[in-house]
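Peer 1: You'll find work_0.tsv just under this line, and it carries TSV, C-alpha atoms and all ligand atoms.
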chain	number	residue	atom	x	y	z
A	989	MET	CA	0.00	0.00	0.00
A	990	SER	CA	1.10	3.55	-0.61
A	991	PHE	CA	0.75	6.39	1.86
A	992	GLN	CA	0.56	8.87	-1.04
A	993	ASN	CA	-2.45	7.56	-2.92
A	994	PRO	CA	-5.94	8.62	-1.93
A	995	VAL	CA	-8.26	5.89	-0.70
A	996	PHE	CA	-11.46	5.03	-2.52
A	997	ILE	CA	-13.12	3.11	0.29
A	998	PRO	CA	-16.43	4.47	1.57
A	999	GLY	CA	-14.86	5.32	4.89
A	1000	PRO	CA	-12.57	6.01	6.50
A	1001	THR	CA	-12.12	8.80	3.98
A	1002	ASN	CA	-9.14	10.94	3.00
A	1003	ILE	CA	-8.10	13.38	5.73
A	1004	PRO	CA	-7.32	16.95	4.67
A	1005	GLU	CA	-3.99	18.23	5.97
A	1006	SER	CA	-5.65	20.92	8.08
A	1007	LEU	CA	-7.75	18.33	9.89
A	1008	ARG	CA	-4.77	16.08	10.53
A	1009	LYS	CA	-3.07	19.04	12.15
A	1010	ALA	CA	-6.18	19.89	14.16
A	1011	CYS	CA	-6.25	16.37	15.62
A	1012	ASP	CA	-2.57	16.54	16.56
A	1013	MET	CA	-2.51	18.68	19.68
A	1014	PRO	CA	-0.86	18.76	23.07
A	1015	THR	CA	-2.61	17.35	26.11
A	1016	ILE	CA	-5.01	19.76	27.76
A	1017	ASP	CA	-7.09	19.39	30.89
A	1018	HIS	CA	-10.28	17.77	29.66
A	1019	ARG	CA	-12.22	19.23	32.59
A	1020	SER	CA	-11.55	22.86	31.90
A	1021	PRO	CA	-12.99	25.85	30.08
A	1022	LEU	CA	-10.29	25.27	27.45
A	1023	PHE	CA	-11.87	21.88	26.67
A	1024	GLY	CA	-15.25	23.61	26.69
A	1025	SER	CA	-13.96	25.91	23.95
A	1026	ILE	CA	-13.61	22.80	21.74
A	1027	LEU	CA	-16.62	20.83	22.96
A	1028	HIS	CA	-19.35	23.44	22.64
A	1029	PRO	CA	-18.46	24.76	19.15
A	1030	ALA	CA	-18.07	21.17	17.93
A	1031	ARG	CA	-21.59	20.32	19.14
A	1032	ASP	CA	-22.92	23.50	17.65
A	1033	GLY	CA	-21.22	22.75	14.32
A	1034	VAL	CA	-22.66	19.25	14.20
A	1035	ARG	CA	-26.14	20.63	14.93
A	1036	GLN	CA	-25.81	22.94	11.93
A	1037	VAL	CA	-24.53	20.14	9.70
A	1038	LEU	CA	-27.64	18.15	10.70
A	1039	LYS	CA	-29.76	21.18	9.69
A	1040	SER	CA	-31.29	21.33	13.13
A	1041	LYS	CA	-32.03	24.18	15.49
A	1042	THR	CA	-32.80	22.12	18.55
A	1043	ALA	CA	-31.17	18.67	18.37
A	1044	GLN	CA	-29.10	17.76	21.42
A	1045	ILE	CA	-25.72	16.60	20.16
A	1046	PHE	CA	-23.72	13.90	21.96
A	1047	ILE	CA	-20.21	12.89	20.95
A	1048	PHE	CA	-18.79	9.61	22.27
A	1049	PRO	CA	-15.32	8.13	21.92
A	1050	SER	CA	-16.66	5.30	19.73
A	1051	THR	CA	-17.75	4.73	16.14
A	1052	GLY	CA	-21.03	4.78	14.22
A	1053	THR	CA	-21.90	1.40	15.69
A	1054	GLY	CA	-21.76	2.93	19.17
A	1055	GLY	CA	-24.13	5.61	17.85
A	1056	TRP	CA	-26.66	2.89	16.95
A	1057	GLU	CA	-26.37	1.54	20.49
A	1058	THR	CA	-26.81	5.03	21.94
A	1059	ALA	CA	-30.07	5.44	20.01
A	1060	LEU	CA	-31.49	2.09	21.12
A	1061	THR	CA	-30.43	1.86	24.76
A	1062	ASN	CA	-31.40	5.40	25.76
A	1063	THR	CA	-34.92	5.30	24.39
A	1064	LEU	CA	-36.22	1.70	24.43
A	1065	SER	CA	-37.03	-1.22	26.71
A	1066	ALA	CA	-36.62	-4.96	26.12
A	1067	GLY	CA	-39.52	-6.32	24.07
A	1068	ASP	CA	-40.30	-3.01	22.37
A	1069	GLY	CA	-41.32	-3.29	18.73
A	1070	ILE	CA	-39.01	-1.99	15.99
A	1071	LEU	CA	-39.75	-1.59	12.30
A	1072	ALA	CA	-36.79	-1.84	9.94
A	1073	ALA	CA	-35.99	-2.58	6.30
A	1074	ARG	CA	-33.04	-4.84	5.50
A	1075	ASN	CA	-31.52	-3.82	2.16
A	1076	GLY	CA	-27.81	-4.19	2.81
A	1077	MET	CA	-25.12	-5.06	5.31
A	1078	PHE	CA	-25.44	-1.93	7.45
A	1079	SER	CA	-29.20	-2.08	7.91
A	1080	HIS	CA	-28.67	-5.81	8.63
A	1081	ARG	CA	-26.16	-5.08	11.38
A	1082	TRP	CA	-28.40	-2.52	13.08
A	1083	ILE	CA	-31.25	-5.07	13.05
A	1084	ASP	CA	-28.88	-7.65	14.52
A	1085	MET	CA	-28.01	-5.20	17.30
A	1086	CYS	CA	-31.73	-4.72	18.06
A	1087	ASN	CA	-32.15	-8.49	18.35
A	1088	ARG	CA	-29.20	-8.76	20.71
A	1089	HIS	CA	-30.81	-6.11	22.92
A	1090	GLY	CA	-34.03	-8.14	23.14
A	1091	LEU	CA	-36.05	-5.81	20.93
A	1092	ASP	CA	-38.81	-7.25	18.77
A	1093	VAL	CA	-37.91	-6.36	15.20
A	1094	GLN	CA	-40.38	-6.49	12.33
A	1095	VAL	CA	-38.05	-6.75	9.33
A	1096	ILE	CA	-39.14	-5.67	5.87
A	1097	GLU	CA	-36.90	-7.71	3.60
A	1098	THR	CA	-35.95	-5.52	0.66
A	1099	PRO	CA	-33.87	-6.53	-2.37
A	1100	TRP	CA	-30.28	-5.33	-2.03
A	1101	GLY	CA	-30.06	-2.47	-4.49
A	1102	GLN	CA	-33.42	-0.94	-3.58
A	1103	GLY	CA	-34.23	1.80	-1.11
A	1104	ILE	CA	-36.49	1.64	1.93
A	1105	PRO	CA	-40.01	0.78	0.73
A	1106	ALA	CA	-41.90	3.63	2.40
A	1107	ALA	CA	-45.25	2.20	1.26
A	1108	ARG	CA	-44.53	-1.02	3.17
A	1109	TYR	CA	-43.54	0.99	6.24
A	1110	ALA	CA	-46.89	2.79	5.89
A	1111	GLU	CA	-48.78	-0.53	5.78
A	1112	ALA	CA	-46.94	-1.90	8.81
A	1113	LEU	CA	-47.53	1.29	10.78
A	1114	ALA	CA	-51.22	1.45	9.87
A	1115	ALA	CA	-51.63	-2.18	10.96
A	1116	ASP	CA	-49.95	-1.50	14.31
A	1117	THR	CA	-53.05	-0.01	15.94
A	1118	ASP	CA	-51.89	-0.60	19.54
A	1119	HIS	CA	-48.57	1.08	18.82
A	1120	LYS	CA	-46.31	-1.82	19.73
A	1121	ILE	CA	-43.72	-0.34	17.37
A	1122	LYS	CA	-41.70	2.14	19.40
A	1123	ALA	CA	-39.05	3.01	16.84
A	1124	VAL	CA	-38.64	2.97	13.08
A	1125	LEU	CA	-35.12	2.49	11.71
A	1126	ALA	CA	-33.98	3.98	8.44
A	1127	THR	CA	-30.53	3.67	6.90
A	1128	HIS	CA	-30.29	6.86	4.87
A	1129	ASN	CA	-27.43	5.63	2.72
A	1130	GLU	CA	-26.77	1.87	2.48
A	1131	THR	CA	-23.01	1.88	2.11
A	1132	ALA	CA	-22.95	-1.79	1.09
A	1133	THR	CA	-25.05	-1.27	-2.03
A	1134	GLY	CA	-24.64	2.44	-2.80
A	1135	VAL	CA	-28.33	3.10	-2.25
A	1136	LYS	CA	-29.92	6.14	-0.69
A	1137	SER	CA	-33.39	6.16	0.79
A	1138	ASP	CA	-36.07	8.81	1.01
A	1139	ILE	CA	-36.27	9.75	4.69
A	1140	ALA	CA	-38.98	12.35	4.09
A	1141	ALA	CA	-41.16	9.53	2.73
A	1142	VAL	CA	-40.58	7.48	5.89
A	1143	ARG	CA	-41.60	10.53	7.94
A	1144	ARG	CA	-44.78	10.84	5.85
A	1145	ALA	CA	-45.55	7.16	6.42
A	1146	LEU	CA	-45.40	7.79	10.19
A	1147	ASP	CA	-47.46	10.97	10.01
A	1148	GLU	CA	-50.12	9.56	7.72
A	1149	ALA	CA	-50.60	6.60	10.04
A	1150	GLY	CA	-50.71	9.01	12.98
A	1151	HIS	CA	-48.10	6.73	14.54
A	1152	PRO	CA	-46.06	7.99	17.52
A	1153	ALA	CA	-42.96	5.78	16.98
A	1154	LEU	CA	-39.56	7.44	17.10
A	1155	LEU	CA	-37.64	7.80	13.82
A	1156	PHE	CA	-33.97	6.74	14.03
A	1157	VAL	CA	-31.81	7.47	11.01
A	1158	ASP	CA	-28.38	6.01	10.28
A	1159	GLY	CA	-26.62	8.81	8.45
A	1160	VAL	CA	-23.11	7.44	8.93
A	1161	SER	CA	-22.27	7.62	5.21
A	1162	SER	CA	-24.52	10.54	4.29
A	1163	ILE	CA	-24.25	13.23	6.97
A	1164	GLY	CA	-21.83	15.92	5.86
A	1165	SER	CA	-21.90	14.68	2.25
A	1166	MET	CA	-25.54	14.34	1.21
A	1167	ASP	CA	-28.54	16.47	2.09
A	1168	PHE	CA	-29.72	15.59	5.60
A	1169	ARG	CA	-32.54	17.47	7.32
A	1170	PHE	CA	-32.97	16.57	10.96
A	1171	ASP	CA	-35.73	19.12	11.65
A	1172	ASP	CA	-37.61	18.99	8.34
A	1173	TRP	CA	-37.74	15.20	8.36
A	1174	GLY	CA	-38.73	14.99	12.01
A	1175	VAL	CA	-35.77	12.76	12.82
A	1176	ASP	CA	-35.64	11.69	16.48
A	1177	VAL	CA	-32.15	10.23	16.57
A	1178	ALA	CA	-29.51	10.76	13.89
A	1179	VAL	CA	-26.36	8.65	14.01
A	1180	THR	CA	-23.00	9.22	12.39
A	1181	GLY	CA	-19.27	8.81	12.96
A	1182	SER	CA	-16.14	10.88	12.47
A	1183	GLN	CA	-14.49	8.95	9.61
A	1184	LYS	CA	-16.80	9.49	6.65
A	1185	GLY	CA	-18.34	12.86	5.76
A	1186	PHE	CA	-16.41	14.57	8.56
A	1187	MET	CA	-13.09	13.48	6.98
A	1188	LEU	CA	-11.47	12.52	10.30
A	1189	PRO	CA	-9.94	9.33	11.65
A	1190	ALA	CA	-12.40	6.85	13.15
A	1191	GLY	CA	-13.02	7.30	16.86
A	1192	LEU	CA	-16.17	9.33	17.44
A	1193	ALA	CA	-19.83	8.36	17.51
A	1194	ILE	CA	-21.84	11.49	16.80
A	1195	VAL	CA	-25.57	11.51	17.56
A	1196	GLY	CA	-28.39	14.03	17.60
A	1197	PHE	CA	-31.47	13.58	19.81
A	1198	SER	CA	-34.80	15.35	19.35
A	1199	ASP	CA	-36.83	16.54	22.36
A	1200	LYS	CA	-39.10	13.56	21.82
A	1201	ALA	CA	-36.15	11.16	21.95
A	1202	MET	CA	-34.88	12.89	25.11
A	1203	ALA	CA	-38.33	12.46	26.66
A	1204	ALA	CA	-38.25	8.73	25.83
A	1205	THR	CA	-35.13	8.33	27.98
A	1206	ALA	CA	-37.29	8.77	31.11
A	1207	THR	CA	-38.97	5.39	30.64
A	1208	ALA	CA	-36.34	3.49	28.64
A	1209	GLY	CA	-35.42	0.30	30.47
A	1210	LEU	CA	-32.48	-1.03	28.45
A	1211	PRO	CA	-29.24	-1.00	30.45
A	1212	ARG	CA	-26.73	1.67	29.44
A	1213	THR	CA	-23.61	3.02	31.07
A	1214	PHE	CA	-20.97	4.22	28.61
A	1215	PHE	CA	-23.60	5.54	26.19
A	1216	ASP	CA	-25.94	7.15	28.74
A	1217	VAL	CA	-26.91	10.54	27.32
A	1218	HIS	CA	-27.84	11.96	30.73
A	1219	ASP	CA	-24.41	11.23	32.17
A	1220	MET	CA	-23.00	12.91	29.09
A	1221	ASP	CA	-25.31	15.90	29.43
A	1222	LYS	CA	-24.33	16.43	33.07
A	1223	GLY	CA	-20.67	16.41	32.08
A	1224	TYR	CA	-21.19	18.90	29.25
A	1225	ALA	CA	-22.70	21.40	31.66
A	1226	ASN	CA	-19.27	21.44	33.40
A	1227	ASN	CA	-17.11	21.43	30.24
A	1228	ALA	CA	-16.38	17.77	30.88
A	1229	TYR	CA	-17.22	14.15	30.14
A	1230	PRO	CA	-18.24	11.27	32.40
A	1231	TYR	CA	-14.88	9.77	31.30
A	1232	THR	CA	-11.94	10.85	29.18
A	1233	PRO	CA	-12.90	12.41	25.85
A	1234	ALA	CA	-10.94	12.05	22.59
A	1235	VAL	CA	-9.85	15.70	22.71
A	1236	GLY	CA	-7.77	15.79	19.52
A	1237	LEU	CA	-10.53	14.20	17.46
A	1238	MET	CA	-13.03	16.64	18.88
A	1239	ASN	CA	-10.79	19.53	17.95
A	1240	GLY	CA	-10.70	18.00	14.47
A	1241	LEU	CA	-14.48	17.71	14.47
A	1242	ASN	CA	-14.86	21.36	15.36
A	1243	GLN	CA	-12.60	22.29	12.42
A	1244	ALA	CA	-14.33	19.83	10.08
A	1245	CYS	CA	-17.71	21.42	10.78
A	1246	GLN	CA	-16.25	24.85	10.16
A	1247	MET	CA	-14.81	23.62	6.84
A	1248	LEU	CA	-18.15	22.17	5.73
A	1249	LEU	CA	-20.10	25.23	6.80
A	1250	ALA	CA	-17.60	27.60	5.17
A	1251	GLU	CA	-17.93	25.71	1.88
A	1252	GLY	CA	-21.69	25.84	2.37
A	1253	LEU	CA	-23.66	22.63	2.94
A	1254	ASP	CA	-25.47	22.89	-0.36
A	1255	ASN	CA	-22.13	23.34	-2.16
A	1256	VAL	CA	-20.77	20.29	-0.33
A	1257	PHE	CA	-23.76	18.23	-1.50
A	1258	ALA	CA	-23.43	19.57	-5.06
A	1259	ARG	CA	-19.73	18.66	-5.08
A	1260	HIS	CA	-20.50	15.11	-4.00
A	1261	HIS	CA	-23.23	14.81	-6.60
A	1262	ARG	CA	-20.95	16.04	-9.35
A	1263	ILE	CA	-18.11	13.73	-8.44
A	1264	ALA	CA	-20.54	10.82	-8.18
A	1265	GLU	CA	-22.02	11.58	-11.60
A	1266	GLY	CA	-18.53	11.38	-13.11
A	1267	VAL	CA	-18.02	7.98	-11.49
A	1268	ARG	CA	-21.40	6.82	-12.80
A	1269	ALA	CA	-20.49	8.02	-16.30
A	1270	ALA	CA	-17.35	5.88	-16.09
A	1271	VAL	CA	-19.28	2.82	-14.91
A	1272	SER	CA	-21.65	3.14	-17.80
A	1273	ALA	CA	-18.77	3.60	-20.29
A	1274	TRP	CA	-17.30	0.35	-18.96
A	1275	GLY	CA	-20.57	-1.37	-19.81
A	1276	LEU	CA	-21.07	-2.28	-16.16
A	1277	GLU	CA	-24.04	-1.73	-13.89
A	1278	LEU	CA	-24.53	-0.36	-10.44
A	1279	CYS	CA	-25.99	-2.47	-7.68
A	1280	ALA	CA	-28.40	0.45	-7.08
A	1281	ALA	CA	-31.52	-0.43	-9.03
A	1282	SER	CA	-32.58	2.99	-10.36
A	1283	PRO	CA	-31.32	6.58	-10.57
A	1284	ASP	CA	-33.60	7.81	-7.78
A	1285	VAL	CA	-31.64	5.68	-5.30
A	1286	TYR	CA	-28.11	6.34	-6.59
A	1287	SER	CA	-25.85	7.30	-3.72
A	1288	ASP	CA	-23.64	10.35	-4.08
A	1289	THR	CA	-21.09	8.94	-1.62
A	1290	VAL	CA	-20.44	5.37	-2.78
A	1291	SER	CA	-20.97	3.33	-5.94
A	1292	ALA	CA	-21.25	-0.45	-5.75
A	1293	ILE	CA	-20.40	-1.79	-9.20
A	1294	ARG	CA	-21.52	-5.19	-10.39
A	1295	THR	CA	-19.01	-7.28	-12.28
A	1296	PRO	CA	-19.95	-9.95	-14.87
A	1297	ASP	CA	-21.23	-13.34	-13.65
A	1298	GLY	CA	-18.47	-15.79	-12.88
A	1299	PHE	CA	-15.97	-13.02	-12.07
A	1300	ASN	CA	-14.97	-12.45	-8.45
A	1301	ALA	CA	-15.27	-8.70	-7.86
A	1302	THR	CA	-13.12	-8.95	-4.74
A	1303	ASP	CA	-10.14	-9.79	-7.00
A	1304	ILE	CA	-10.23	-6.18	-8.25
A	1305	VAL	CA	-9.88	-4.90	-4.70
A	1306	THR	CA	-7.04	-7.30	-3.84
A	1307	HIS	CA	-5.24	-6.59	-7.11
A	1308	ALA	CA	-5.57	-2.81	-6.70
A	1309	ALA	CA	-4.06	-3.04	-3.23
A	1310	THR	CA	-1.17	-5.33	-4.10
A	1311	THR	CA	-0.29	-4.01	-7.56
A	1312	TYR	CA	-1.12	-0.31	-7.45
A	1313	GLY	CA	-1.31	0.52	-3.74
A	1314	VAL	CA	-4.89	1.76	-4.03
A	1315	ALA	CA	-7.85	0.87	-1.82
A	1316	PHE	CA	-11.35	0.15	-3.11
A	1317	GLY	CA	-14.17	-1.41	-1.11
A	1318	VAL	CA	-15.15	-5.08	-1.30
A	1319	GLY	CA	-18.72	-6.35	-1.57
A	1320	LEU	CA	-20.27	-7.26	1.77
A	1321	GLY	CA	-22.76	-9.96	2.72
A	1322	GLU	CA	-25.17	-10.94	-0.03
A	1323	VAL	CA	-23.20	-9.05	-2.68
A	1324	ALA	CA	-19.72	-10.26	-1.61
A	1325	GLY	CA	-17.75	-11.15	-4.76
A	1326	LYS	CA	-20.47	-9.64	-6.95
A	1327	VAL	CA	-19.64	-5.97	-6.54
A	1328	PHE	CA	-16.67	-3.78	-5.77
A	1329	ARG	CA	-17.18	-0.33	-4.32
A	1330	ILE	CA	-15.72	3.05	-5.11
A	1331	GLY	CA	-16.11	5.42	-2.18
A	1332	HIS	CA	-16.42	9.03	-3.34
A	1333	LEU	CA	-17.10	11.04	-0.23
A	1334	GLY	CA	-15.29	13.45	1.98
A	1335	SER	CA	-12.22	15.32	0.85
A	1336	LEU	CA	-12.12	14.50	-2.85
A	1337	THR	CA	-11.44	16.37	-6.09
A	1338	ASP	CA	-12.02	15.60	-9.77
A	1339	VAL	CA	-8.33	14.85	-10.16
A	1340	MET	CA	-8.29	12.37	-7.29
A	1341	THR	CA	-11.42	10.71	-8.63
A	1342	LEU	CA	-9.95	10.35	-12.12
A	1343	SER	CA	-6.91	8.60	-10.63
A	1344	GLY	CA	-9.19	6.10	-8.92
A	1345	LEU	CA	-11.13	5.43	-12.10
A	1346	ALA	CA	-7.86	4.98	-14.04
A	1347	THR	CA	-6.67	2.49	-11.42
A	1348	ALA	CA	-9.93	0.54	-11.54
A	1349	GLU	CA	-9.53	0.30	-15.32
A	1350	MET	CA	-5.99	-1.03	-15.04
A	1351	CYS	CA	-7.13	-3.65	-12.53
A	1352	MET	CA	-10.09	-4.79	-14.60
A	1353	ALA	CA	-7.94	-5.01	-17.74
A	1354	ASP	CA	-5.18	-6.90	-15.86
A	1355	LEU	CA	-7.78	-9.39	-14.66
A	1356	GLY	CA	-9.12	-10.04	-18.15
A	1357	LEU	CA	-12.35	-8.04	-18.12
A	1358	ASP	CA	-13.30	-6.49	-21.43
A	1359	ILE	CA	-12.54	-2.89	-20.44
A	1360	ARG	CA	-10.85	-0.42	-22.77
A	1361	LEU	CA	-8.22	1.60	-20.90
A	1362	GLY	CA	-9.29	5.23	-20.69
A	1363	SER	CA	-12.93	4.61	-21.54
A	1364	GLY	CA	-14.33	5.35	-18.09
A	1365	VAL	CA	-11.78	8.05	-17.39
A	1366	ALA	CA	-12.75	9.80	-20.64
A	1367	ALA	CA	-16.45	9.64	-19.78
A	1368	ALA	CA	-15.77	11.15	-16.37
A	1369	GLN	CA	-13.48	13.80	-17.88
A	1370	GLU	CA	-16.23	14.80	-20.31
A	1371	TYR	CA	-18.71	15.06	-17.46
A	1372	TYR	CA	-16.37	17.16	-15.31
A	1373	ARG	CA	-15.50	19.47	-18.22
A	1374	ALA	CA	-19.16	19.98	-19.00
A	1375	HIS	CA	-20.04	20.57	-15.33
A	1376	PRO	CA	-17.32	22.82	-13.94
A	1377	ALA	CA	-16.78	22.87	-10.20
A	1378	GLN	CA	-17.72	25.95	-8.20
A	1379	ALA	CA	-14.10	27.14	-8.04
A	1380	ARG	CA	-13.67	27.11	-11.82
A	1381	LYS	CA	-17.02	28.76	-12.35
A	1382	SER	CA	-16.19	31.64	-10.04
A	1383	ALA	CA	-12.66	31.99	-11.45
A	1384	ALA	CA	-14.13	32.38	-14.94
B	1401	LIG	C1	-19.65	2.83	8.24
B	1401	LIG	C2	-21.10	2.65	8.53
B	1401	LIG	C3	-21.55	2.18	9.77
B	1401	LIG	C4	-20.64	1.67	10.83
B	1401	LIG	O1	-19.91	2.66	11.38
B	1401	LIG	P1	-18.59	2.33	12.22
B	1401	LIG	O2	-18.07	3.71	12.43
B	1401	LIG	O3	-17.72	1.47	11.38
B	1401	LIG	O4	-19.03	1.67	13.47
B	1401	LIG	C5	-22.90	2.14	9.99
B	1401	LIG	N1	-23.78	2.48	9.04
B	1401	LIG	C6	-23.39	2.90	7.83
B	1401	LIG	C7	-24.43	3.27	6.83
B	1401	LIG	C8	-22.04	3.00	7.54
B	1401	LIG	O5	-21.64	3.41	6.34
Taking this structure as input, can you express it in the form of structure tokens?
Ligand SMILES: *Cc1c(COP(=O)(O)O)cnc(C)c1O
Peer 2:
Amino acid sequence: MSFQNPVFIPGPTNIPESLRKACDMPTIDHRSPLFGSILHPARDGVRQVLKSKTAQIFIFPSTGTGGWETALTNTLSAGDGILAARNGMFSHRWIDMCNRHGLDVQVIETPWGQGIPAARYAEALAADTDHKIKAVLATHNETATGVKSDIAAVRRALDEAGHPALLFVDGVSSIGSMDFRFDDWGVDVAVTGSQKGFMLPAGLAIVGFSDKAMAATATAGLPRTFFDVHDMDKGYANNAYPYTPAVGLMNGLNQACQMLLAEGLDNVFARHHRIAEGVRAAVSAWGLELCAASPDVYSDTVSAIRTPDGFNATDIVTHAATTYGVAFGVGLGEVAGKVFRIGHLGSLTDVMTLSGLATAEMCMADLGLDIRLGSGVAAAQEYYRAHPAQARKSAA
């Protein structure tokens, strides 16, 4: 592997130099106003990135998976009903976590490559007249398949059924890269981590709680210690944590939020869309297909690309690593060996993306796939030339 090449895995993502420097800091007293001067702006920045005015933000030394656990254990009791769609490895793992916590999950099996079927959520919610379902799970962006889901439609399903269940959204691979609207969508708990859209090393679980989710903590019976939001809240009031925080990462998070907000969230989303469209142009020039079933579910942060039957897609990933020192993502679970993934989120430019596409072409050609060198790169180049980035537009 090379330390020079960018990575094209869908997290952890490439770390901008300024954020690496922000994470590298001397020890400070983590129970001091100085720590507060990192903690409070970081929470405020995250709240803005979530497009929320009122969400309570909690930041744990953990990862996205710890964020899932924070959502469940603070708001639910054993035996509570959960409604969830399984359409990829990440939604599958969250469902598995619910089962391990003794929750009663109603799973809507969904073909991998499709988004959350909001109409089937609506049916399940309408049928649940005694409100056994306490929380609805939605994976905004299924990183395993490169599929985004319509969270506003899930909200509508809840509202139209007049159902009081909480709405928990996994935004680990969308928040900070794709449009996310905590307030508009009536999200009750949003979950993310530091190593994807926030362009930092792994090590933080970042969650937002609505007032309704905070109220649910009063009756939630599941055991929780490390992830207890009230312990966290009490600490925050004194510029502290119930344990030792990851200070350098939080300093990085504060800077990352400032970077995203300075670029402008809508510009960040437009940049991701543009880069993703170039990748999709390349895939189509290669004559390959995405795992994502239709354009309305195409993810702007990761593309899962199907390879021809009988070919092991994982070979591309192994070959890229050993021969060219470049990282792509393997297929997970049901699509293992059938797809390889190009992550295109976080700190990424056209030029970086073109290098990844060029590498993928070399790998596929080396492994005997019928790919003409330069074909995908040229398609992406044409797209990027025809759709100049913000910087070039304003320079002109
Ligand atoms: C990466 C990811 C996770 C898991 O996050 P970790 O930080 O690895 O625990 C969960 N959900 C989605 C959608 C992800 O992309």
Peer 1: Kindly provide, as lines of an AutoDock Vina configuration file, the centre and edge lengths (Å, one decimal) of an axis-aligned box around all atoms of ligand LIG 1401 (chain B) given in the file, with 3 Å on each side.
Peer 2:
center_x = -21.1
center_y = 2.6
center_z = 9.9
size_x = 12.7
size_y = 8.2
size_z = 13.1
Peer 1: Could you pull the residues within 9 Å of Tyr1224 of chain A, counting all atoms listed in the file, minus those fewer than 6 positions along the same chain, as a PyMOL selection string?
Peer 2: chain A and resi 1024+1027-1028+1230
Peer 1: For ligand LIG 1401 (chain B), list the contacting residues at 6 Å or closer, counting all atoms listed in the file, as a ChimeraX atom specification.
Peer 2: /A:1051-1053,1078,1129-1131,1158,1160-1161,1181
Peer 1: Which residues are close to Val1327 of chain A, i.e. within 7 Å by all atoms listed in the file, leaving aside same-chain residues fewer than 5 positions away? Reply as an mmCIF file with C-alpha atoms, in the coordinates of the input.
Peer 2:
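After the write, out-v4.cif holds the following:
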data_model
loop_
_atom_site.group_PDB
_atom_site.id
_atom_site.type_symbol
_atom_site.label_atom_id
_atom_site.label_comp_id
_atom_site.auth_asym_id
_atom_site.auth_seq_id
_atom_site.Cartn_x
_atom_site.Cartn_y
_atom_site.Cartn_z
ATOM 1 C CA ALA A 1292 -21.250 -0.450 -5.750
ATOM 2 C CA ILE A 1293 -20.400 -1.790 -9.200
ATOM 3 C CA ARG A 1294 -21.520 -5.190 -10.390
ATOM 4 C CA THR A 1295 -19.010 -7.280 -12.280
ATOM 5 C CA ALA A 1301 -15.270 -8.700 -7.860
ATOM 6 C CA VAL A 1318 -15.150 -5.080 -1.300
ATOM 7 C CA GLY A 1319 -18.720 -6.350 -1.570
#
Peer 1: Write out as an NGL selection string the residues lying within 9 Å of segment 1038-1041 of chain A, counting only C-alpha atoms and excluding same-chain residues fewer than 6 positions away.
Peer 2: :A and (1163-1164 or 1167-1172 or 1178 or 1196)
Peer 1: Return the single residue from A:Gly1223, A:Gly1134, A:Pro1189, A:Gly1067 that is closest to Phe1328 of chain A, with distances computed using all atoms listed in the file.
Peer 2: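 Looking only at the distances to Phe1328 of chain A, the closest residue turns out to be A:Gly1134.
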Peer 1: Could you jot down the atom CA of Ile1194 of chain A to atom CA of Thr1180 of chain A separation for me, Å, one decimal place?
Peer 2: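 Pair atom CA of Ile1194 of chain A / atom CA of Thr1180 of chain A returns 5.1 Å.
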Peer 1: Could you give me, as a PDB file with C-alpha atoms, in the coordinates of the input, the residues within 12 Å of Ala1353 of chain A, counting all atoms listed in the file and dropping anything in the same chain fewer than 6 positions from it?
Peer 2:
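The resulting out01.pdb:
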ATOM      1  CA  TRP A1274     -17.300   0.350 -18.960  1.00  0.00           C
ATOM      2  CA  ASP A1303     -10.140  -9.790  -7.000  1.00  0.00           C
ATOM      3  CA  ILE A1304     -10.230  -6.180  -8.250  1.00  0.00           C
ATOM      4  CA  HIS A1307      -5.240  -6.590  -7.110  1.00  0.00           C
ATOM      5  CA  ALA A1308      -5.570  -2.810  -6.700  1.00  0.00           C
ATOM      6  CA  ALA A1346      -7.860   4.980 -14.040  1.00  0.00           C
ATOM      7  CA  THR A1347      -6.670   2.490 -11.420  1.00  0.00           C
ATOM      8  CA  ILE A1359     -12.540  -2.890 -20.440  1.00  0.00           C
ATOM      9  CA  ARG A1360     -10.850  -0.420 -22.770  1.00  0.00           C
ATOM     10  CA  LEU A1361      -8.220   1.600 -20.900  1.00  0.00           C
ATOM     11  CA  GLY A1362      -9.290   5.230 -20.690  1.00  0.00           C
ATOM     12  CA  SER A1363     -12.930   4.610 -21.540  1.00  0.00           C
TER      13      SER A1363
END
Peer 1: State, in Å with one decimal place, the distance from atom CA of Ala1153 of chain A to atom CA of Trp1056 of chain A.
Peer 2: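 Spanning atom CA of Ala1153 of chain A to atom CA of Trp1056 of chain A is a straight-line distance of 16.6 Å.
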Peer 1: So the first atom is atom CA of Thr1207 of chain A and the second is atom CA of Pro1233 of chain A; what is the distance between them in Å, to one decimal place?
Peer 2: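 For atom CA of Thr1207 of chain A relative to atom CA of Pro1233 of chain A, the distance reads 27.4 Å.
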Peer 1: Determine, counting only C-alpha atoms, which protein, DNA and RNA residues have an atom within 8 Å of an atom of Glu1057 of chain A; residues of the same chain fewer than 4 positions away are not included. Present the result as a ChimeraX atom specification.
Peer 2: /A:1053,1061,1085,1215
Peer 1: For each of A:Asn1239, A:Gln1246, A:Leu1336, A:Phe1316, take the minimum atom-to-atom distance to Pro1014 of chain A, counting all atoms listed in the file, then give the residue where this is smallest.
Peer 2: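 Smallest distance to Pro1014 of chain A is found for A:Asn1239.
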Peer 1: Taking (-30.7, 6.1, 3.4) in the file's coordinates, which residues come within 8 Å, counting all atoms listed in the file, written as number ranges by chain?
Peer 2: A: 1103-1104, 1126-1130, 1135-1139, 1157-1159, 1162
Peer 1: Determine the nearest neighbour of Leu1333 of chain A from the options A:Ala1225, A:Val1256, A:Ala1149, A:Ala1250, counting all atoms listed in the file.
Peer 2: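 Selected residue with least distance to Leu1333 of chain A: A:Val1256.
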